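Below is one structure, written out as structure tokens; the observations come after it.
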Amino acid sequence: MGLGRFKNFKQTLTAVKRLLILAVMLLLIVQPSLGKDEAKGKWDGGVSLDAGSNFVKNMSSKTFSYSSGGISGWGRYSTDKFMIRVDLQCFSKFSAKSITGIVANANDPKAPTANFDIKQDENTILEEKAGVLMEYTPDRQNSFSFNFKQKWDRQTPDRIVMSIQNVFSEDARVIKTNSYLDVEDALDRLRDYNAEAKWKHLFDKPGRELETGMEWALSRSDKSSTWYRMSMSGEPDSGSSGKTFRFTPLYTGNSVKASVLYRDVNIFDQETLNLEMGADLALGFDRDRLSAANYVEEEWADSIYYRRNFDFLSLDMDPRIKLSYSPGKFNVNLQLTPDIYLSTLSGGGVGSSTSSSVFILPEFNASWAPSEMHKLGISYKQGLVRPTYYQLCWFPRAGAYADEVNAGNPDLRPGSNGKASLFYSFHSGFFTGTLEGVTNLDWDKIVRVFKSGGAYRIYTWINSGRSFDNRVKLTLKADLKIFNAEVEGYYTYFVGYDNVGNVTRSSDWGVSADAALKIKGGWIFNAKGRYQSKIIRTYSSITEYVGCDVKVTKEFKRFSVYVEGKDLFDRPISVTTYSEDKKYARFEDTHYNRRIFSLGASFKF
């Protein structure tokens, strides 16, 4: 591994050198273009060095990642009319991961199983980020801005091992195999570019403004997109300061959107009663050219005969009306949004699918604040989750693992959800407390499940019936001059019904704490802790989680250093997912290298 680490170090130096040259060139080009008076500007910036790791965890999606050190910096030059800022970042990621599990008959422990073992000994990613932001304001009415961002990855997995020991078949036979995939020094380059230019103009009449802009982007899949946007807002009548309007058309490479807003606070001749009307329109078009190998009739085929083009067209209209009533210590808002949606998905020679729906989406919230110390509120909001193109397109695709195939479901309906909450907050001096009760309702929820197959597990998406969970959450915060802390605890009771009416009942709870202490001499001590009990849902479950982070920082006038330890308990995560009919279960244990220690420093000039 020594040679590989040396190559990564050389790549890091090359990346930093290229980014620094870019920054110097931009500053040399811009500064001479300014006038003599404007050239007398102000310089500031900062540099940070992380000699350890940055750790990101998300238990809900079972995602863990970290970087093993890097360097970042920013510099800014500003005058009364001009500002330019350059951001540079370069860091490497090293991770080791192992996923093992089985697919079994959940109702028959004696039935044959499919065992899988996926190991990634080491994965190295070198990532660069660069950004340039320029703003120019020649007068009080006009302002121009340009923003450019770049992201560039070099991904080198030194060795990946993937194996399947046993494959389960429908005729109850066990086929023993010793298949594996071994990748040495694979290299993949991924790039992201994004550029945005805007012009904003303020008219002579107060409250009226015009904003227009254009953006160009190149994604990692080498697909470029462009949008053009124009926004007009202000007061239709200079004598009616309570009236405002806004119109925003937006064009992208594959969709057209428009938003209209009109607000009148005096329409009812009452200062406490306001009216707001608006409408959103979105028209989208996308084409997917399937040119890779696909799974057809339980066999993989890489033939031109099986390569298809799928066209996806969608139209979404959302007119809305909102009433607001604010008499003194009370505040009430009510909004109704009729949602009208049409979509068509068609593939050459393999059929088409069309869907339409109309929903009325209400939104309500009210609050009462008898004093600055107390506040009581209640709210309800209903929304939709539209199925994506990949969830609708029925043409099979390769999955993330060796034994997986994904196939969309053209009969999917939009998922509906509602959230009702009741809260009470108390604030006095340095102390704040909030007690909140929340009920989340989901019906026709879109979930990913797998069906039994031969050597492959075929995954699809379904509308999973309905579910609701009731959560009570208590948050306590204390903020003093040298000490601040936050403690949060919750309890959730979940009830879910699958698509055939079976019921899942479960409860889970969790608590987290975050405290920081500042003492003389510039010392800061920070500690975080989190516990989450086992979570059981309709089609999945996840084991409990315990986490603890500690950090010590020493601050000087312009310089600071820190030492940090993250996720000190380093426990594996076990996840179970069930098939659509609850007959088959997939048991998965994921082991990550998560106990991390780091050392960092930063300097601001």
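Ligands are numbered from 1 in the order shown, chains are lettered A, B, ... in the order of the structure tokens, and residues start at 1 in each chain.
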Contacts of Tyr539 in chain A within 9 Å, only C-alpha atoms, excl. fewer than 2 positions in-chain, as a ChimeraX atom specification: /A:447-449,464,498,536-537,541,576-580,582
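Atom to atom, CA of Lys375 in chain A and CA of Met277 in chain A stand 28.5 Å apart.
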For CA of Ala114 in chain A and CA of Leu392 in chain A, quote the distance in Å rounded to one decimal. 28.3 Å
Using only C-alpha atoms, can you tell me which of A:Leu361, A:Cys548, A:Leu441, A:Ala515 comes closest to Tyr497 in chain A? A:Leu441
For Ser356 in chain A, which of A:Arg140, A:Arg571, A:Arg386, A:Arg530 is the closest residue, counting only C-alpha atoms? A:Arg386
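Counting only C-alpha atoms, the residue from A:Ser371, A:Thr113, A:Asn147, A:Thr244 that sits nearest to Ile84 in chain A is A:Asn147.
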I'd like the contact shell of Ala258 in chain A - 9 Å cut-off, only C-alpha atoms, skipping same-chain residues fewer than 5 positions apart - returned as an NGL selection string. :A and (247-251 or 279-282)
Here CA of Arg320 in chain A and CA of Ser357 in chain A stand apart by 16.7 Å
In terms of only C-alpha atoms, the residue from A:Gly73, A:Gly437, A:Gly101, A:Gly418 at minimal distance from Glu128 in chain A is A:Gly73
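Proximity to Met134 in chain A was assessed for A:Glu196, A:Glu436, A:Asp108, A:Glu215 counting only C-alpha atoms; the smallest distance is recorded for A:Glu196.
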Identify all residues of range 290-432 of chain A in strand (DSSP E or B) (DSSP on the backbone) and supply them as a ChimeraX atom specification. /A:294-296,299-301,309-325,330-347,351-368,374-385,397-398,404-406,415-428,431-432
Using only C-alpha atoms, which protein or nucleic acid residues come within 6 Å of Arg85 in chain A? Drop anything in the same chain fewer than 6 positions from it, and give the result as a PyMOL selection string. chain A and resi 75-76+132-133
Excluding Asn440 in chain A and its own-chain neighbours fewer than 2 positions away, which residues fall within 8 Å of it when counting only C-alpha atoms? Please give them as a list in words. Asn417, Gly418, Lys419, Ala420, Val438, Asp442, Phe468, Asp469 and Asn470 of chain A
Compare A:Asp153, A:Ala585, A:Ala527, A:Ile535 by their minimum atom-to-atom distance to Gly565 in chain A, counting only C-alpha atoms, and give me the closest one.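 Among the listed residues, A:Ala527 lies closest to Gly565 in chain A.
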Could you pull the residues within 6 Å of range 330-336 of chain A, counting only C-alpha atoms, minus those fewer than 5 positions along the same chain, as a PyMOL selection string? chain A and resi 320-325+361-368
Leu384 in chain A surroundings by only C-alpha atoms, 12 Å radius, close-in-sequence under 3 positions cut, as a short mmCIF file (atom, residue, chain, number, x, y, z; two decimals) with C-alpha atoms, in the first residue's frame:
data_model
loop_
_atom_site.label_atom_id
_atom_site.label_comp_id
_atom_site.auth_asym_id
_atom_site.auth_seq_id
_atom_site.Cartn_x
_atom_site.Cartn_y
_atom_site.Cartn_z
CA ASP A 316 -48.13 19.71 -12.83
CA ASP A 318 -50.85 24.05 -8.51
CA THR A 337 -53.82 24.08 -3.09
CA PRO A 338 -55.57 22.04 -5.82
CA ASP A 339 -52.83 19.80 -7.30
CA ILE A 340 -53.46 18.67 -10.89
CA TYR A 341 -50.94 16.21 -12.36
CA SER A 357 -54.57 12.74 -10.49
CA VAL A 358 -56.26 15.66 -8.74
CA PHE A 359 -55.70 16.38 -5.04
CA ILE A 360 -56.74 19.16 -2.67
CA LEU A 361 -53.83 19.89 -0.33
CA PRO A 362 -54.71 21.89 2.83
CA LYS A 381 -49.90 20.18 6.36
CA PRO A 387 -42.94 8.68 -8.27
CA ARG A 413 -49.61 6.21 -7.50
CA PRO A 414 -48.35 9.37 -5.80
CA GLY A 415 -47.62 8.88 -2.14
CA SER A 416 -49.64 11.09 0.22
CA ASN A 417 -48.55 12.35 3.61
CA GLY A 418 -49.82 14.59 6.36
CA LYS A 419 -48.20 16.10 9.43
CA LEU A 441 -49.53 10.03 8.42
CA ASP A 442 -48.55 8.26 5.18
CA TRP A 443 -50.85 6.53 2.74
CA ASP A 444 -50.02 5.02 -0.63
CA LYS A 445 -46.40 5.39 0.48
CA ILE A 446 -43.81 4.43 -2.16
#
